[in-house]
Amino acid sequence: MASKKRDRINYLRGILQWTILVLLVYMLVRPLADKSYFADFEANCPFGGMQALMSYLSAGSLACSMTTVQIGLGLALLAGVLLFAKLFCSYICPIGTFTEWLATLGRRLKVHITLKGFVDRDLRILKYALLFFTVYFSVTSSELFCRTFDPYFAVVSGFGTDVVLWYAIPALLLTVVGSFFIRQFWCKYICPLGAITNIAVYALPVAALALIWVILNKLMGDAIHWSWLLGAICLTGFILEATTLRFLIFPPLRIVRNAKICTGCKICDKKCPMAINISSVDKVQDIDCHLCTDCIVKCPEAGALTINRRWPKWLPALLTVVLIALALLISNKYEIPTITERWASSDELNSATVFEMDGLKNIKCFGSSRSFANHMKEVPGVLGIETFVKHHRVKVLYNNSLIDEQGVKKAIFSPVSEFFSLPVPGHTRVSVYTIGIDRCFDPNDQYYLTALLYQQNGILGFQTHFGEPVEASIYFDDKVITPEQINKAIEQREIVLGEGADRIQQSLNFKVNTNQKAIDSLTVSKLLNVFYQETDITFNFFEKYSPGQLGVWEKTFVQASFPEMQDWIPYLISHTSNDDGIVRFSIVFTDAGPLLRLIFVKSMTSAEKISKLVKESDLQVHFPDGKTEKVKNPFRI
Ligand code: SF4
Ligand code: SF4
């Protein structure tokens, strides 16, 4: 005889859901205390993984910053549906948890309704349409399109840069309001990941569609674009879901009711988050069931509801944990390349030598991988590359009769050249300190090293050159800072950048290698020549005039040594050319700093007119497309 149960709380499900929420909160608050921590809220998103996989299968590259971990989790989700049940929706999905809580609140306030009939069926097309557009745009752009509107990403990223407010705010409002008033609004009608899970439930017809597409494409010479297959799969998923509202073959684990024990109290119907009518069926076949086991837990009659008559109610929670652990374990071991590019013949590739390098932090997404490939394509002897963003790793295939390993490393290396400032007036000589610096091969590291040196008084400029260790030339004013102080600054273990909300704290690990140490000195004009080129441009028929007809207008022009002003100099050239009497524009470097020198025709203009012209509040600039515009004059000459 069956016994009455006391257990009414689904502890296991609650523990898993709360674990995910606590992890998310931890990721949200940790950056407040640890500025070097970057919270990647998509790192474990199976939906991103599914999009990345589709992108990889169709375009041979991974979308955005997606890694094998996301793909592994996406595949675990599919395997979960095919082998067991829709476990992710029930035990992991943070949006599912949140919208379920909203639904409970709506029910308590008696404003919650369950959509039925054709409204319930027809609205389900929304999630398939969303799935189609999300996958289509993600694959064609190699960016995760769902980021633009995903309410989860919008909230956890604090409406970050990839979020499009016009999409994300209505999506968030719709999710919150809809879930409050309508039973499982998000899961049933909106969630594209829910659409993928249901498509997995209909794996056999979907596999048949894919097979037909492959055969037709073979016969027609790849004439049918993959987007037709995607559209057909989404439409089939919707039609099967709307017409049957049932599982077909998958998933194998189902809730089964023992009519001999069941008393017909209907508590299970009331407690089912998906509003499934359990008390009137022997086996739950409803497509919305995600095996949360709430019905088993809340049923007062032990044994009235079971999983396939024999499995314990904790099995789905255990399977969820095992699947995730396996996915993380396997995907951390094997990494799919973000991009694979080969630009040599198969003969050359077969005899290629492979060079691998880890820790290139600037290899962090599809875009940076693309730039890396474009750069390496220009290097003679390099035949192809692969990038792996999770470990910031690159694999370079090269012809060792054209380039050696050192040459490949040199090609990967991106040198830095940054001018900071002129020495204080009166200091006419500059010292240059050359040293090796360990652990600064990567452009990201060089960025922090540059920022660190910029913060030191007396350092005037900085350059890196390829070497092992990387060779750095530090230009400094020896009356303000010494080489020992520079060494100490480079070896500090942390740098703080920005202020307020933008403040970041970055750990550093540079080591000065003084084996190749050298100290030299140079003049200020030579220092400027290291970082900039002097400017000398003629216009307004300069060659027509003899030296006797020309006058010289000169002014010190310190702003010409400011890195941020370099892009404005062509605007000033264009502006000065508006005076037909000015025929030559030069910036020359002297030991007192840069000098602006304008050559003018004495009979056409004057030094006074020129002084007025360069001080005008707006620069009148002529652009190559023939347009003329006024821009604010940023110079103080
Ligand atoms: S299965 Fe359990 S909760 Fe549902 S009607 Fe029967 S006894 Fe009640
Ligand atoms: S039928 Fe049971 S297991 Fe399925 S969703 Fe409803 S409560 Fe959860």
# chains A, B, ... in the order shown; residues from 1 in each chain; ligands from 1
$ residues_near_ligand --ligand "ligand 2" --cutoff "6 Å" --atoms "only C-alpha atoms and all ligand atoms" --output "ChimeraX atom specification"
/A:272-274,276,289-295
$ closest_atom_pairs --of "chain A" --to "ligand 1" --cutoff "9 Å" --atoms "only C-alpha atoms and all ligand atoms" --output "CSV"
residue,atom,partner,partner_atom_place_in_ligand_line,distance
A:Val256,CA,ligand 1,1 (S),8.9
A:Arg257,CA,ligand 1,1 (S),5.9
A:Asn258,CA,ligand 1,1 (S),7.5
A:Ala259,CA,ligand 1,6 (Fe),7.4
A:Ile261,CA,ligand 1,7 (S),7.0
A:Cys262,CA,ligand 1,6 (Fe),3.8
A:Thr263,CA,ligand 1,7 (S),4.6
A:Gly264,CA,ligand 1,5 (S),3.9
A:Cys265,CA,ligand 1,8 (Fe),3.9
A:Lys266,CA,ligand 1,5 (S),3.7
A:Ile267,CA,ligand 1,3 (S),4.2
A:Cys268,CA,ligand 1,3 (S),3.9
A:Asp269,CA,ligand 1,4 (Fe),6.4
A:Lys270,CA,ligand 1,3 (S),8.5
A:Lys271,CA,ligand 1,3 (S),8.5
A:Asn277,CA,ligand 1,4 (Fe),9.0
A:Ile278,CA,ligand 1,4 (Fe),6.3
A:Ser279,CA,ligand 1,5 (S),4.4
A:Ser280,CA,ligand 1,5 (S),7.8
A:Cys295,CA,ligand 1,3 (S),6.6
A:Ile296,CA,ligand 1,2 (Fe),7.2
A:Val297,CA,ligand 1,3 (S),8.9
A:Lys298,CA,ligand 1,3 (S),6.6
A:Cys299,CA,ligand 1,3 (S),3.7
A:Pro300,CA,ligand 1,2 (Fe),5.8
A:Glu301,CA,ligand 1,7 (S),5.2
A:Ala302,CA,ligand 1,2 (Fe),7.9
A:Gly303,CA,ligand 1,2 (Fe),8.4
A:Ala304,CA,ligand 1,1 (S),5.2
A:Leu305,CA,ligand 1,1 (S),5.4
$ atom_distance --atom1 "atom CA of Phe542 of chain A" --atom2 "atom CA of Val583 of chain A"
4.9 Å
$ select_by_dssp --residues "segment 394-492 of chain A" --states "alpha helix (DSSP H)" --output "PyMOL selection string"
chain A and resi 405-412+443-454+483-490
$ closest_residue --among "A:Trp166, A:Phe623, A:Phe531, A:Phe600" --to "Gly548 of chain A" --atoms "only C-alpha atoms"
A:Phe600
$ closest_residue --among "A:Ile437, A:Ala592, A:Ile92, A:Tyr571" --to "His465 of chain A" --atoms "only C-alpha atoms"
A:Ile437
$ atom_distance --atom1 "atom CA of Arg309 of chain A" --atom2 "atom CA of Asp282 of chain A"
10.8 Å
$ residues_around --residues "Gly467 of chain A" --least-positions-apart "2" --cutoff "8 Å" --atoms "only C-alpha atoms" --output "list in words"
Lys410, Gly436, His465, Pro469, Val470 and Glu471 of chain A
$ atom_distance --atom1 "atom CA of Thr338 of chain A" --atom2 "atom CA of Lys390 of chain A"
9.1 Å
$ decode --residues "segment 560-573 of chain A" --atoms "all heavy atoms" --output "JSON list (two decimals), in the first residue's frame"
[["chain", "number", "residue", "atom", "x", "y", "z"],
["A", 560, "ALA", "N", 52.60, 69.96, -32.17],
["A", 560, "ALA", "CA", 52.95, 68.99, -33.21],
["A", 560, "ALA", "C", 53.63, 67.76, -32.64],
["A", 560, "ALA", "O", 53.81, 66.76, -33.33],
["A", 560, "ALA", "CB", 53.85, 69.65, -34.24],
["A", 561, "SER", "N", 54.01, 67.80, -31.34],
["A", 561, "SER", "CA", 54.62, 66.61, -30.73],
["A", 561, "SER", "C", 53.60, 65.84, -29.88],
["A", 561, "SER", "O", 53.93, 64.83, -29.28],
["A", 561, "SER", "CB", 55.80, 67.02, -29.85],
["A", 561, "SER", "OG", 55.35, 67.75, -28.72],
["A", 562, "PHE", "N", 52.34, 66.32, -29.85],
["A", 562, "PHE", "CA", 51.33, 65.59, -29.08],
["A", 562, "PHE", "C", 50.75, 64.48, -29.96],
["A", 562, "PHE", "O", 50.22, 64.77, -31.04],
["A", 562, "PHE", "CB", 50.17, 66.51, -28.65],
["A", 562, "PHE", "CG", 50.57, 67.62, -27.70],
["A", 562, "PHE", "CD1", 49.63, 68.56, -27.29],
["A", 562, "PHE", "CD2", 51.86, 67.73, -27.19],
["A", 562, "PHE", "CE1", 49.97, 69.58, -26.42],
["A", 562, "PHE", "CE2", 52.21, 68.75, -26.33],
["A", 562, "PHE", "CZ", 51.26, 69.68, -25.94],
["A", 563, "PRO", "N", 50.83, 63.23, -29.51],
["A", 563, "PRO", "CA", 50.32, 62.14, -30.35],
["A", 563, "PRO", "C", 48.87, 62.37, -30.78],
["A", 563, "PRO", "O", 48.51, 62.10, -31.92],
["A", 563, "PRO", "CB", 50.43, 60.90, -29.44],
["A", 563, "PRO", "CG", 51.48, 61.24, -28.44],
["A", 563, "PRO", "CD", 51.40, 62.72, -28.25],
["A", 564, "GLU", "N", 48.04, 62.91, -29.86],
["A", 564, "GLU", "CA", 46.62, 63.05, -30.18],
["A", 564, "GLU", "C", 46.36, 64.16, -31.21],
["A", 564, "GLU", "O", 45.25, 64.26, -31.74],
["A", 564, "GLU", "CB", 45.80, 63.30, -28.90],
["A", 564, "GLU", "CG", 46.02, 64.62, -28.21],
["A", 564, "GLU", "CD", 47.23, 64.65, -27.27],
["A", 564, "GLU", "OE1", 48.06, 63.73, -27.35],
["A", 564, "GLU", "OE2", 47.34, 65.60, -26.48],
["A", 565, "MET", "N", 47.37, 65.00, -31.51],
["A", 565, "MET", "CA", 47.16, 66.09, -32.47],
["A", 565, "MET", "C", 47.59, 65.70, -33.89],
["A", 565, "MET", "O", 47.38, 66.47, -34.83],
["A", 565, "MET", "CB", 47.93, 67.35, -32.04],
["A", 565, "MET", "CG", 47.53, 67.91, -30.70],
["A", 565, "MET", "SD", 45.76, 68.17, -30.52],
["A", 565, "MET", "CE", 45.51, 69.61, -31.53],
["A", 566, "GLN", "N", 48.22, 64.53, -34.03],
["A", 566, "GLN", "CA", 48.80, 64.18, -35.34],
["A", 566, "GLN", "C", 47.75, 64.16, -36.45],
["A", 566, "GLN", "O", 47.99, 64.63, -37.55],
["A", 566, "GLN", "CB", 49.51, 62.82, -35.26],
["A", 566, "GLN", "CG", 50.68, 62.78, -34.28],
["A", 566, "GLN", "CD", 51.70, 63.89, -34.56],
["A", 566, "GLN", "OE1", 52.17, 64.04, -35.68],
["A", 566, "GLN", "NE2", 52.03, 64.67, -33.54],
["A", 567, "ASP", "N", 46.55, 63.63, -36.12],
["A", 567, "ASP", "CA", 45.52, 63.52, -37.16],
["A", 567, "ASP", "C", 44.98, 64.88, -37.59],
["A", 567, "ASP", "O", 44.31, 64.99, -38.61],
["A", 567, "ASP", "CB", 44.35, 62.67, -36.64],
["A", 567, "ASP", "CG", 44.76, 61.21, -36.49],
["A", 567, "ASP", "OD1", 45.81, 60.87, -37.05],
["A", 567, "ASP", "OD2", 44.05, 60.45, -35.82],
["A", 568, "TRP", "N", 45.22, 65.93, -36.76],
["A", 568, "TRP", "CA", 44.68, 67.25, -37.08],
["A", 568, "TRP", "C", 45.59, 68.05, -38.00],
["A", 568, "TRP", "O", 45.15, 69.05, -38.59],
["A", 568, "TRP", "CB", 44.46, 68.06, -35.78],
["A", 568, "TRP", "CG", 43.33, 67.53, -34.97],
["A", 568, "TRP", "CD1", 43.39, 66.66, -33.93],
["A", 568, "TRP", "CD2", 41.93, 67.83, -35.15],
["A", 568, "TRP", "NE1", 42.14, 66.39, -33.44],
["A", 568, "TRP", "CE2", 41.22, 67.11, -34.18],
["A", 568, "TRP", "CE3", 41.23, 68.64, -36.03],
["A", 568, "TRP", "CZ2", 39.85, 67.17, -34.06],
["A", 568, "TRP", "CZ3", 39.86, 68.70, -35.92],
["A", 568, "TRP", "CH2", 39.17, 67.97, -34.95],
["A", 569, "ILE", "N", 46.85, 67.62, -38.11],
["A", 569, "ILE", "CA", 47.80, 68.43, -38.89],
["A", 569, "ILE", "C", 47.36, 68.58, -40.36],
["A", 569, "ILE", "O", 47.40, 69.69, -40.90],
["A", 569, "ILE", "CB", 49.24, 67.87, -38.72],
["A", 569, "ILE", "CG1", 49.68, 68.20, -37.29],
["A", 569, "ILE", "CG2", 50.20, 68.48, -39.74],
["A", 569, "ILE", "CD1", 50.97, 67.59, -36.84],
["A", 570, "PRO", "N", 46.89, 67.51, -41.02],
["A", 570, "PRO", "CA", 46.42, 67.70, -42.42],
["A", 570, "PRO", "C", 45.30, 68.75, -42.51],
["A", 570, "PRO", "O", 45.20, 69.45, -43.53],
["A", 570, "PRO", "CB", 45.89, 66.32, -42.81],
["A", 570, "PRO", "CG", 46.62, 65.36, -41.91],
["A", 570, "PRO", "CD", 46.82, 66.10, -40.62],
["A", 571, "TYR", "N", 44.48, 68.88, -41.46],
["A", 571, "TYR", "CA", 43.41, 69.88, -41.46],
["A", 571, "TYR", "C", 44.01, 71.29, -41.47],
["A", 571, "TYR", "O", 43.53, 72.19, -42.15],
["A", 571, "TYR", "CB", 42.50, 69.74, -40.22],
["A", 571, "TYR", "CG", 41.59, 68.53, -40.25],
["A", 571, "TYR", "CD1", 41.98, 67.34, -40.84],
["A", 571, "TYR", "CD2", 40.32, 68.58, -39.68],
["A", 571, "TYR", "CE1", 41.15, 66.23, -40.87],
["A", 571, "TYR", "CE2", 39.48, 67.48, -39.70],
["A", 571, "TYR", "CZ", 39.90, 66.30, -40.30],
["A", 571, "TYR", "OH", 39.08, 65.22, -40.33],
["A", 572, "LEU", "N", 45.10, 71.45, -40.68],
["A", 572, "LEU", "CA", 45.76, 72.76, -40.62],
["A", 572, "LEU", "C", 46.41, 73.08, -41.97],
["A", 572, "LEU", "O", 46.37, 74.22, -42.44],
["A", 572, "LEU", "CB", 46.80, 72.76, -39.49],
["A", 572, "LEU", "CG", 47.48, 74.08, -39.23],
["A", 572, "LEU", "CD1", 46.48, 75.15, -38.79],
["A", 572, "LEU", "CD2", 48.58, 73.94, -38.16],
["A", 573, "ILE", "N", 46.98, 72.05, -42.60],
["A", 573, "ILE", "CA", 47.60, 72.25, -43.92],
["A", 573, "ILE", "C", 46.53, 72.75, -44.90],
["A", 573, "ILE", "O", 46.72, 73.74, -45.62],
["A", 573, "ILE", "CB", 48.26, 70.94, -44.43],
["A", 573, "ILE", "CG1", 49.39, 70.51, -43.49],
["A", 573, "ILE", "CG2", 48.75, 71.10, -45.86],
["A", 573, "ILE", "CD1", 49.97, 69.15, -43.79]]
